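To start, the structure itself, in structure tokens.
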Amino acid sequence: MAAKYTLVIHAGCEGITRKYYGPEAEQEHLAFLRKSLAAGRAVLDGGGRGLDAVCAAVEVLEDCPLFNAGRGSVFTHDGIIEMDASLMSGADLAAGAVAGVTGIKNPVRAAALVLEKSSHVLLIGQGAERFAENFGLEKSDPEYFQTSRRRKEYLTAQKQAGEQFGTVGAVCFDRAGNLAAASSTGGITGKQYGRVGDSPVIGAGVYADNASCAVSCTGEGEFFLRRVAAKRIAAMVEFGGFSLEAGAAAGLDNIKALGGKGGLIAVDKAGRTAISFTTRGMFRGLARQGETDRVAMFGPPGSWH
Ligand code: ASP
């Protein structure tokens, strides 16, 4: 165990402006980001795997009603909540994901079960719920996930064209030298019933490979799907001679070129990190072994509290 760990988290990048979030709201959001980093650190300080650390960090963000994952997820066009989540291990390319789940309290835990307890990678809807239930995963009623803020956004979205998005995610380089990545989301406000975005699709919204890097994306999922964005960045790093930073920037340029927006976090096996977004801010946090936690939400990407 020679390596020093690095954990990076995000909680979405849409509409993060000082006009919308005053100083009090800012502190409230940053406090949850710190809590998420602390949960990941607790795993890593105990010598745990990065795979478990990203799960723990994402779980805190799913439980927080402020972010678009788990409790606080956005509404579909039909006024219900359908969530997607994924998890990938860079050491052996093991992966697990769930899509379109409505009653699992922590979708990222269901993704972890798919990774560890099934021979499959992606389970959807009722099948995913039944699978998780068989392993005793905590369930929640639809009302648990719904917040008044998301209901308001949904009602507004019905009147105006426009989308609200936000996803949570984490990437980690752990003390054993392994990479891991996770994502969890409610998707996009007003999305069509049955719509699946990039977040549970391995290679699009999430990817981890010890040969290159771990990546977790947020943004307009259709563009990340079409670009196979997370894998594309990993390929640029592995085969294209790109540094992590340059690969991440090029990956987002590719999204912009299609007319999309979003952001991502990434880490490589040297513990180098990339945090990029095309928007004005992104909820983000960084924990390095032996260093103080850093969190931020407004731009530019390199600024921290
Ligand atoms: N990428 C997610 C999706 O399209 C949404 C987000 O990241 O905000 O489902």
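Each chain of the structure tokens is named A, B, ... in the order shown, its residues numbered from 1; ligands are numbered from 1 in display order.
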>> At a cut-off of 8 Å around ligand 1, and using only C-alpha atoms and all ligand atoms, what residues come up? Please write them as a PyMOL selection string.
In response: chain A and resi 12-14+68+84+164-168+185-188+196-199+205+217-222+224+262
Tell me, counting only C-alpha atoms, for each residue of segment 67-176 of chain A within 10 Å of segment 45-49 of chain A, which pair of atoms is nearest and how far apart they are in Å to one decimal, in rows ordered by chain and increasing number, as CSV.
```
residue,atom,partner,partner_atom,distance
A:Ser89,CA,A:Arg49,CA,9.8
A:Cys172,CA,A:Arg49,CA,9.1
A:Phe173,CA,A:Arg49,CA,9.1
A:Asp174,CA,A:Arg49,CA,6.3
A:Arg175,CA,A:Gly47,CA,7.1
A:Ala176,CA,A:Arg49,CA,7.6
```
Any chance you could export the current selection's N, CA and C atoms as a compact mmCIF listing (two decimals), in the first residue's frame?
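File again_25.txt, as written:
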```txt
# COMPACT_ATOMS: atom_id res chain seq x y z
N SER A 89 -15.00 -0.67 -11.81
CA SER A 89 -13.71 -0.93 -11.17
C SER A 89 -12.61 -0.96 -12.22
N CYS A 172 -11.96 7.76 -8.09
CA CYS A 172 -10.98 7.56 -7.03
C CYS A 172 -9.76 6.79 -7.51
N PHE A 173 -8.60 7.19 -7.00
CA PHE A 173 -7.37 6.40 -7.10
C PHE A 173 -7.06 6.00 -5.67
N ASP A 174 -7.05 4.70 -5.39
CA ASP A 174 -6.94 4.29 -3.98
C ASP A 174 -5.52 3.88 -3.59
N ARG A 175 -5.33 3.51 -2.34
CA ARG A 175 -3.99 3.23 -1.83
C ARG A 175 -3.41 1.95 -2.41
N ALA A 176 -4.26 1.08 -2.93
CA ALA A 176 -3.76 -0.13 -3.59
C ALA A 176 -3.40 0.16 -5.05
```
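When the distance limit is 9 Å and only C-alpha atoms are what count, the residues near segment 206-209 of chain A, minus those fewer than 5 positions from it on the same chain, are Ser86, Leu87, Met88, Ser89, Gly90, Ala91, Asp92, Leu93, Ala95, Gly169, Val171, Asn178, Leu179, Ala180, Ala181, Ala182, Ser183, Asp198, Ser199, Pro200, Val201, Ala214, Val215, Ser216, Cys217, Ala229, Ala230, Lys231 and Ala234 of chain A.
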Write the selection just made, keeping N, CA and C atoms, as a PDB file, in the first residue's frame?
```
ATOM      1  N   SER A  86     -24.430   3.910 -11.862  1.00  0.00           N
ATOM      2  CA  SER A  86     -23.420   2.965 -12.346  1.00  0.00           C
ATOM      3  C   SER A  86     -22.168   3.000 -11.479  1.00  0.00           C
ATOM      4  N   LEU A  87     -21.383   1.948 -11.641  1.00  0.00           N
ATOM      5  CA  LEU A  87     -20.152   1.802 -10.855  1.00  0.00           C
ATOM      6  C   LEU A  87     -19.185   0.967 -11.671  1.00  0.00           C
ATOM      7  N   MET A  88     -17.904   1.370 -11.685  1.00  0.00           N
ATOM      8  CA  MET A  88     -16.922   0.579 -12.450  1.00  0.00           C
ATOM      9  C   MET A  88     -15.594   0.503 -11.727  1.00  0.00           C
ATOM     10  N   SER A  89     -14.995  -0.669 -11.813  1.00  0.00           N
ATOM     11  CA  SER A  89     -13.710  -0.927 -11.170  1.00  0.00           C
ATOM     12  C   SER A  89     -12.614  -0.963 -12.222  1.00  0.00           C
ATOM     13  N   GLY A  90     -11.600  -0.111 -12.062  1.00  0.00           N
ATOM     14  CA  GLY A  90     -10.529  -0.020 -13.059  1.00  0.00           C
ATOM     15  C   GLY A  90      -9.571  -1.195 -13.036  1.00  0.00           C
ATOM     16  N   ALA A  91      -9.531  -1.942 -11.933  1.00  0.00           N
ATOM     17  CA  ALA A  91      -8.569  -3.039 -11.801  1.00  0.00           C
ATOM     18  C   ALA A  91      -8.911  -4.198 -12.722  1.00  0.00           C
ATOM     19  N   ASP A  92     -10.208  -4.500 -12.852  1.00  0.00           N
ATOM     20  CA  ASP A  92     -10.615  -5.675 -13.625  1.00  0.00           C
ATOM     21  C   ASP A  92     -11.740  -5.369 -14.617  1.00  0.00           C
ATOM     22  N   LEU A  93     -12.057  -4.083 -14.772  1.00  0.00           N
ATOM     23  CA  LEU A  93     -13.132  -3.633 -15.665  1.00  0.00           C
ATOM     24  C   LEU A  93     -14.489  -4.227 -15.285  1.00  0.00           C
ATOM     25  N   ALA A  95     -18.133  -4.022 -13.889  1.00  0.00           N
ATOM     26  CA  ALA A  95     -19.043  -2.877 -13.914  1.00  0.00           C
ATOM     27  C   ALA A  95     -20.454  -3.322 -13.568  1.00  0.00           C
ATOM     28  N   GLY A 169     -21.487  12.169  -8.916  1.00  0.00           N
ATOM     29  CA  GLY A 169     -20.519  11.149  -9.296  1.00  0.00           C
ATOM     30  C   GLY A 169     -19.248  11.261  -8.498  1.00  0.00           C
ATOM     31  N   VAL A 171     -14.871   9.778  -8.592  1.00  0.00           N
ATOM     32  CA  VAL A 171     -13.786   8.957  -9.138  1.00  0.00           C
ATOM     33  C   VAL A 171     -12.706   8.863  -8.078  1.00  0.00           C
ATOM     34  N   ASN A 178      -5.555   1.338  -7.411  1.00  0.00           N
ATOM     35  CA  ASN A 178      -6.656   1.052  -8.337  1.00  0.00           C
ATOM     36  C   ASN A 178      -7.565   2.257  -8.560  1.00  0.00           C
ATOM     37  N   LEU A 179      -8.157   2.297  -9.741  1.00  0.00           N
ATOM     38  CA  LEU A 179      -9.090   3.369 -10.098  1.00  0.00           C
ATOM     39  C   LEU A 179     -10.528   2.875 -10.023  1.00  0.00           C
ATOM     40  N   ALA A 180     -11.460   3.778  -9.728  1.00  0.00           N
ATOM     41  CA  ALA A 180     -12.888   3.441  -9.697  1.00  0.00           C
ATOM     42  C   ALA A 180     -13.699   4.681 -10.039  1.00  0.00           C
ATOM     43  N   ALA A 181     -14.897   4.457 -10.576  1.00  0.00           N
ATOM     44  CA  ALA A 181     -15.779   5.583 -10.920  1.00  0.00           C
ATOM     45  C   ALA A 181     -17.227   5.210 -10.656  1.00  0.00           C
ATOM     46  N   ALA A 182     -18.029   6.205 -10.310  1.00  0.00           N
ATOM     47  CA  ALA A 182     -19.463   5.996 -10.075  1.00  0.00           C
ATOM     48  C   ALA A 182     -20.258   7.201 -10.557  1.00  0.00           C
ATOM     49  N   SER A 183     -21.519   6.967 -10.929  1.00  0.00           N
ATOM     50  CA  SER A 183     -22.447   8.050 -11.300  1.00  0.00           C
ATOM     51  C   SER A 183     -23.841   7.704 -10.816  1.00  0.00           C
ATOM     52  N   ASP A 198     -26.758   8.978 -20.182  1.00  0.00           N
ATOM     53  CA  ASP A 198     -25.395   8.428 -20.264  1.00  0.00           C
ATOM     54  C   ASP A 198     -24.914   7.823 -18.941  1.00  0.00           C
ATOM     55  N   SER A 199     -25.528   8.244 -17.839  1.00  0.00           N
ATOM     56  CA  SER A 199     -24.950   7.917 -16.527  1.00  0.00           C
ATOM     57  C   SER A 199     -24.840   6.418 -16.231  1.00  0.00           C
ATOM     58  N   PRO A 200     -25.829   5.577 -16.638  1.00  0.00           N
ATOM     59  CA  PRO A 200     -25.667   4.159 -16.360  1.00  0.00           C
ATOM     60  C   PRO A 200     -25.021   3.397 -17.526  1.00  0.00           C
ATOM     61  N   VAL A 201     -24.613   4.119 -18.549  1.00  0.00           N
ATOM     62  CA  VAL A 201     -24.040   3.435 -19.717  1.00  0.00           C
ATOM     63  C   VAL A 201     -22.516   3.480 -19.617  1.00  0.00           C
ATOM     64  N   ALA A 214     -10.043   7.117 -14.557  1.00  0.00           N
ATOM     65  CA  ALA A 214     -11.447   6.954 -14.159  1.00  0.00           C
ATOM     66  C   ALA A 214     -12.154   8.265 -14.453  1.00  0.00           C
ATOM     67  N   VAL A 215     -13.351   8.184 -15.033  1.00  0.00           N
ATOM     68  CA  VAL A 215     -14.083   9.382 -15.472  1.00  0.00           C
ATOM     69  C   VAL A 215     -15.544   9.283 -15.049  1.00  0.00           C
ATOM     70  N   SER A 216     -16.121  10.374 -14.564  1.00  0.00           N
ATOM     71  CA  SER A 216     -17.555  10.451 -14.293  1.00  0.00           C
ATOM     72  C   SER A 216     -18.078  11.764 -14.869  1.00  0.00           C
ATOM     73  N   CYS A 217     -19.127  11.680 -15.689  1.00  0.00           N
ATOM     74  CA  CYS A 217     -19.609  12.847 -16.437  1.00  0.00           C
ATOM     75  C   CYS A 217     -20.947  13.363 -15.916  1.00  0.00           C
ATOM     76  N   ALA A 229     -18.434   9.379 -24.367  1.00  0.00           N
ATOM     77  CA  ALA A 229     -17.496  10.390 -23.877  1.00  0.00           C
ATOM     78  C   ALA A 229     -16.446   9.879 -22.894  1.00  0.00           C
ATOM     79  N   ALA A 230     -16.882   9.134 -21.870  1.00  0.00           N
ATOM     80  CA  ALA A 230     -15.916   8.743 -20.831  1.00  0.00           C
ATOM     81  C   ALA A 230     -14.854   7.808 -21.409  1.00  0.00           C
ATOM     82  N   LYS A 231     -15.277   6.848 -22.221  1.00  0.00           N
ATOM     83  CA  LYS A 231     -14.319   5.923 -22.839  1.00  0.00           C
ATOM     84  C   LYS A 231     -13.424   6.652 -23.832  1.00  0.00           C
ATOM     85  N   ALA A 234     -10.694   8.222 -21.936  1.00  0.00           N
ATOM     86  CA  ALA A 234      -9.743   7.193 -21.512  1.00  0.00           C
ATOM     87  C   ALA A 234      -8.875   6.745 -22.690  1.00  0.00           C
TER      88      ALA A 234
END
```
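Each of A:Ala235, A:Ile81, A:Ala132, A:Ile275 was compared to Ala249 of chain A using only C-alpha atoms, and A:Ile275 turns out to be the nearest.
Residues in contact range of Gly251 of chain A, defined as at most 9 Å between only C-alpha atoms, with sequence neighbours fewer than 5 positions away removed, read Arg227, Ala229, Ala230, Arg232, Ile233, Met236, Ala246 and Lys256 of chain A.
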Those same residues, written as a compact mmCIF listing (two decimals), in the first residue's frame with all heavy atoms?
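out-v1.txt, written as the output of this step:
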```txt
# COMPACT_ATOMS: atom_id res chain seq x y z
N ARG A 227 -21.08 10.52 -28.09
CA ARG A 227 -19.63 10.62 -28.15
C ARG A 227 -18.93 9.47 -27.42
O ARG A 227 -17.72 9.39 -27.43
CB ARG A 227 -19.18 11.93 -27.50
CG ARG A 227 -19.25 13.14 -28.38
CD ARG A 227 -18.28 13.06 -29.53
NE ARG A 227 -18.22 14.32 -30.25
CZ ARG A 227 -17.70 14.44 -31.46
NH1 ARG A 227 -17.19 13.42 -32.08
NH2 ARG A 227 -17.69 15.61 -32.06
N ALA A 229 -18.43 9.38 -24.37
CA ALA A 229 -17.50 10.39 -23.88
C ALA A 229 -16.45 9.88 -22.89
O ALA A 229 -15.26 10.17 -23.05
CB ALA A 229 -18.29 11.53 -23.26
N ALA A 230 -16.88 9.13 -21.87
CA ALA A 230 -15.92 8.74 -20.83
C ALA A 230 -14.85 7.81 -21.41
O ALA A 230 -13.66 7.97 -21.14
CB ALA A 230 -16.66 8.07 -19.67
N ARG A 232 -14.01 7.63 -24.51
CA ARG A 232 -13.22 8.39 -25.49
C ARG A 232 -12.07 9.12 -24.81
O ARG A 232 -10.95 9.14 -25.30
CB ARG A 232 -14.14 9.38 -26.22
CG ARG A 232 -13.49 10.14 -27.35
CD ARG A 232 -14.54 11.00 -28.03
NE ARG A 232 -13.97 11.95 -28.96
CZ ARG A 232 -13.82 11.70 -30.25
NH1 ARG A 232 -14.19 10.56 -30.76
NH2 ARG A 232 -13.29 12.62 -31.06
N ILE A 233 -12.36 9.69 -23.65
CA ILE A 233 -11.31 10.39 -22.90
C ILE A 233 -10.24 9.38 -22.44
O ILE A 233 -9.03 9.62 -22.57
CB ILE A 233 -11.92 11.14 -21.70
CG1 ILE A 233 -12.75 12.33 -22.22
CG2 ILE A 233 -10.84 11.61 -20.73
CD1 ILE A 233 -13.71 12.92 -21.22
N MET A 236 -8.12 8.54 -25.34
CA MET A 236 -7.19 9.62 -25.70
C MET A 236 -5.96 9.56 -24.80
O MET A 236 -4.83 9.77 -25.23
CB MET A 236 -7.88 10.99 -25.61
CG MET A 236 -8.84 11.23 -26.77
SD MET A 236 -9.38 12.94 -26.89
CE MET A 236 -10.80 12.91 -25.83
N ALA A 246 -5.60 17.34 -20.76
CA ALA A 246 -5.83 17.60 -22.18
C ALA A 246 -6.93 16.68 -22.73
O ALA A 246 -7.76 17.10 -23.54
CB ALA A 246 -4.54 17.42 -22.97
N LYS A 256 -19.21 19.90 -26.93
CA LYS A 256 -19.62 21.25 -27.38
C LYS A 256 -19.81 21.29 -28.89
O LYS A 256 -20.72 21.92 -29.41
CB LYS A 256 -18.55 22.27 -26.98
CG LYS A 256 -18.79 22.89 -25.61
CD LYS A 256 -18.03 24.18 -25.44
CE LYS A 256 -16.59 23.91 -25.09
NZ LYS A 256 -15.83 25.11 -24.69
```
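The list of residues with at least one atom within 7 Å of Leu115 of chain A, based on only C-alpha atoms and without residues fewer than 5 positions apart in the same chain, reads Ala94, Ala95, Gly96 and Val121 of chain A.
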Create the file for the chosen residues now, containing C-alpha atoms and written as an mmCIF file, in the first residue's frame.
```
data_model
loop_
_atom_site.group_PDB
_atom_site.id
_atom_site.type_symbol
_atom_site.label_atom_id
_atom_site.label_comp_id
_atom_site.auth_asym_id
_atom_site.auth_seq_id
_atom_site.Cartn_x
_atom_site.Cartn_y
_atom_site.Cartn_z
ATOM 1 C CA ALA A 94 -15.962 -5.061 -13.563
ATOM 2 C CA ALA A 95 -19.043 -2.877 -13.914
ATOM 3 C CA GLY A 96 -22.602 -2.674 -12.665
ATOM 4 C CA VAL A 121 -23.686 -5.293 -16.246
#
```
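Of note, atom CA of Gln289 of chain A and atom CA of Thr6 of chain A are spaced 6.5 Å apart.
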>> Considering only strand (DSSP E) as DSSP defines it on the backbone, what residues of segment 9-126 of chain A qualify? List them as a VMD selection string.
In response: chain A and resid 9 to 10 83 to 89 95 to 101 122 to 124
> What is the distance between atom CA of Glu62 of chain A and atom CA of Gln126 of chain A, in Å to one decimal?
Replying inline: 20.0 Å
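Nearest-residue note for His77 of chain A: choosing from A:Glu28, A:Glu133, A:Asp293, A:Glu153, the minimum distance belongs to A:Glu153, counting only C-alpha atoms.
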> Could you pull the residues within 7 Å of Phe298 of chain A, counting only C-alpha atoms, minus those fewer than 5 positions along the same chain, as JSON, numbers by chain?
Replying inline: {"A": [16, 17, 280, 281, 282]}
> Could you pull out all residues of segment 57-266 of chain A with a DSSP call of helix (DSSP H, G or I) and give them as an NGL selection string?
Replying inline: :A and (57-63 or 107-117 or 125-134 or 142-145 or 148-159 or 221-227 or 229-239 or 244-257)
